[in-house]
Structure formats: C-alpha cells, structure tokens
Amino acid sequence: MLALSDLRRDHAVLVLAWVRTALGVVAFAAPTLPSRPWVGTDAGRASTRTLARALGARDVALGLGTLLAQRHRSPVRGWLEASALADAGDVAATLAGWGSRPRLGRVVVLAAAAGGAVACSGLARRVTE
C-alpha cells in the first residue's frame, strides 16, 4: 500500500509532467506566446519561432515521457532528471543573455526555469526508480 507521502509525490510528478507538456504544446502551436517575455520583439521572427517550437517539442517529449513512464510503472527518475537539466539549460541561457532580454520577462523566465529545475531535481531524489 502506498503511503500518503508516496501519493503526494506521485501527484506532484503528474502535475509537473502535465504542466511541462501543456507549455510545450503552447510553444509549438503558438511560439510567440511563451517566447515574447523571454526574447521580446524578436519572438515574431521566423527563426525565433522555429527555436521556440523546438523547445516546445522538447518539453512535450519530456512531459509525455514522464507521464508514460509513471503510467506504465516504469522508472521516472531519469525523466525528471532530464527535465531538471533542460530547465537548468534555460536558466543558463537566460543568464547568458541577461542584459539583452526584457527586464520583467527575464526575471519571470529565470524564476520559472529555476523553479522547474529545483522541483524536478527534488522529486527525482524522492522516487525510487
């Protein structure tokens, strides 16, 4: 029988995976929407939309991979670790372009990416597989 903490952990994994998947779908379908706060007016450029779609596809893959692993009672730890690394990459990219990014957007993206990295990393340590 699962302990309450196991149920909460599993629920947190589901929530994070669904949020990542949803954000990825939005980034793929409407790339300027999530990229505008991060890159500003360049979000409307065709090249920027291509990169935003690629990042969206990455997040869909990570989110669905996590969901499918949990559904099939397969290991989710690696999916969470990969998600944490992807978010850490977003943190690094935001910091590398800090001075040229919109002020509010860079803070919001930095907080969201850092929060995702911490949450996924923390959950990865709590799962047994």
# chains A, B, ... in the order shown; residues from 1 in each chain; ligands from 1

$ residues_around --residues "range 72-89 of chain A" --least-positions-apart "5" --cutoff "7 Å" --atoms "only C-alpha atoms" --output "VMD selection string"
chain A and resid 62 65 to 66 113 to 114 116 to 118 120 to 121 124 127 129

$ residues_around --residues "range 95-97 of chain A" --least-positions-apart "3" --cutoff "12 Å" --atoms "only C-alpha atoms" --output "number ranges by chain"
A: 38-40, 88-92, 100-103, 105-107, 109-111, 113-114

$ write_last_selection --atoms "N, CA, C and O atoms" --output "short mmCIF file (atom, residue, chain, number, x, y, z; two decimals), in the first residue's frame"
data_model
loop_
_atom_site.label_atom_id
_atom_site.label_comp_id
_atom_site.auth_asym_id
_atom_site.auth_seq_id
_atom_site.Cartn_x
_atom_site.Cartn_y
_atom_site.Cartn_z
N TRP A 38 10.46 36.19 -22.99
CA TRP A 38 11.85 35.78 -22.87
C TRP A 38 12.76 36.55 -23.83
O TRP A 38 13.85 36.98 -23.46
N VAL A 39 12.31 36.74 -25.07
CA VAL A 39 13.17 37.35 -26.07
C VAL A 39 12.66 38.68 -26.61
O VAL A 39 13.31 39.30 -27.44
N GLY A 40 11.49 39.11 -26.17
CA GLY A 40 10.97 40.41 -26.59
C GLY A 40 10.45 40.40 -28.01
O GLY A 40 9.87 39.41 -28.48
N ALA A 88 17.59 23.72 -16.24
CA ALA A 88 18.87 24.35 -15.89
C ALA A 88 19.50 24.99 -17.12
O ALA A 88 20.11 26.07 -17.04
N GLY A 89 19.33 24.36 -18.27
CA GLY A 89 19.81 24.95 -19.53
C GLY A 89 19.09 26.25 -19.84
O GLY A 89 19.71 27.21 -20.32
N ASP A 90 17.79 26.28 -19.56
CA ASP A 90 17.03 27.52 -19.77
C ASP A 90 17.51 28.62 -18.82
O ASP A 90 17.56 29.80 -19.20
N VAL A 91 17.86 28.25 -17.60
CA VAL A 91 18.43 29.21 -16.65
C VAL A 91 19.74 29.76 -17.20
O VAL A 91 19.96 30.98 -17.23
N ALA A 92 20.61 28.87 -17.66
CA ALA A 92 21.91 29.29 -18.19
C ALA A 92 21.73 30.21 -19.41
O ALA A 92 22.43 31.23 -19.53
N SER A 100 20.34 41.67 -22.59
CA SER A 100 19.60 41.98 -23.82
C SER A 100 18.16 41.48 -23.79
O SER A 100 17.44 41.62 -24.77
N ARG A 101 17.73 40.93 -22.68
CA ARG A 101 16.36 40.39 -22.56
C ARG A 101 15.46 41.41 -21.87
O ARG A 101 15.93 42.23 -21.06
N PRO A 102 14.15 41.36 -22.15
CA PRO A 102 13.22 42.26 -21.48
C PRO A 102 13.31 42.10 -19.95
O PRO A 102 13.41 40.97 -19.45
N ARG A 103 13.28 43.20 -19.24
CA ARG A 103 13.52 43.18 -17.79
C ARG A 103 12.58 42.26 -17.03
O ARG A 103 13.03 41.39 -16.29
N GLY A 105 10.43 40.01 -18.24
CA GLY A 105 10.43 38.67 -18.82
C GLY A 105 11.60 37.83 -18.37
O GLY A 105 11.45 36.65 -18.06
N ARG A 106 12.79 38.43 -18.32
CA ARG A 106 13.96 37.65 -17.93
C ARG A 106 13.85 37.17 -16.49
O ARG A 106 14.26 36.06 -16.16
N VAL A 107 13.25 37.98 -15.62
CA VAL A 107 13.08 37.58 -14.22
C VAL A 107 12.04 36.46 -14.12
O VAL A 107 12.25 35.48 -13.41
N VAL A 109 11.07 34.31 -16.49
CA VAL A 109 11.60 33.08 -17.09
C VAL A 109 12.65 32.46 -16.19
O VAL A 109 12.67 31.24 -15.99
N LEU A 110 13.52 33.28 -15.63
CA LEU A 110 14.55 32.76 -14.73
C LEU A 110 13.90 32.07 -13.53
O LEU A 110 14.29 30.95 -13.16
N ALA A 111 12.89 32.70 -12.93
CA ALA A 111 12.22 32.10 -11.77
C ALA A 111 11.50 30.81 -12.15
O ALA A 111 11.58 29.81 -11.42
N ALA A 113 12.11 28.75 -14.75
CA ALA A 113 13.07 27.71 -15.11
C ALA A 113 13.81 27.18 -13.88
O ALA A 113 14.00 25.98 -13.72
N ALA A 114 14.22 28.09 -13.00
CA ALA A 114 14.90 27.66 -11.78
C ALA A 114 13.96 26.85 -10.91
O ALA A 114 14.35 25.82 -10.34
#

$ closest_residue --among "A:Gly24, A:Gly122, A:Gly99, A:Gly115" --to "Ala54 in chain A" --atoms "only C-alpha atoms"
A:Gly24

$ closest_residue --among "A:Gly44, A:Gly63, A:Pro37, A:Gly56" --to "Leu16 in chain A" --atoms "only C-alpha atoms"
A:Gly63
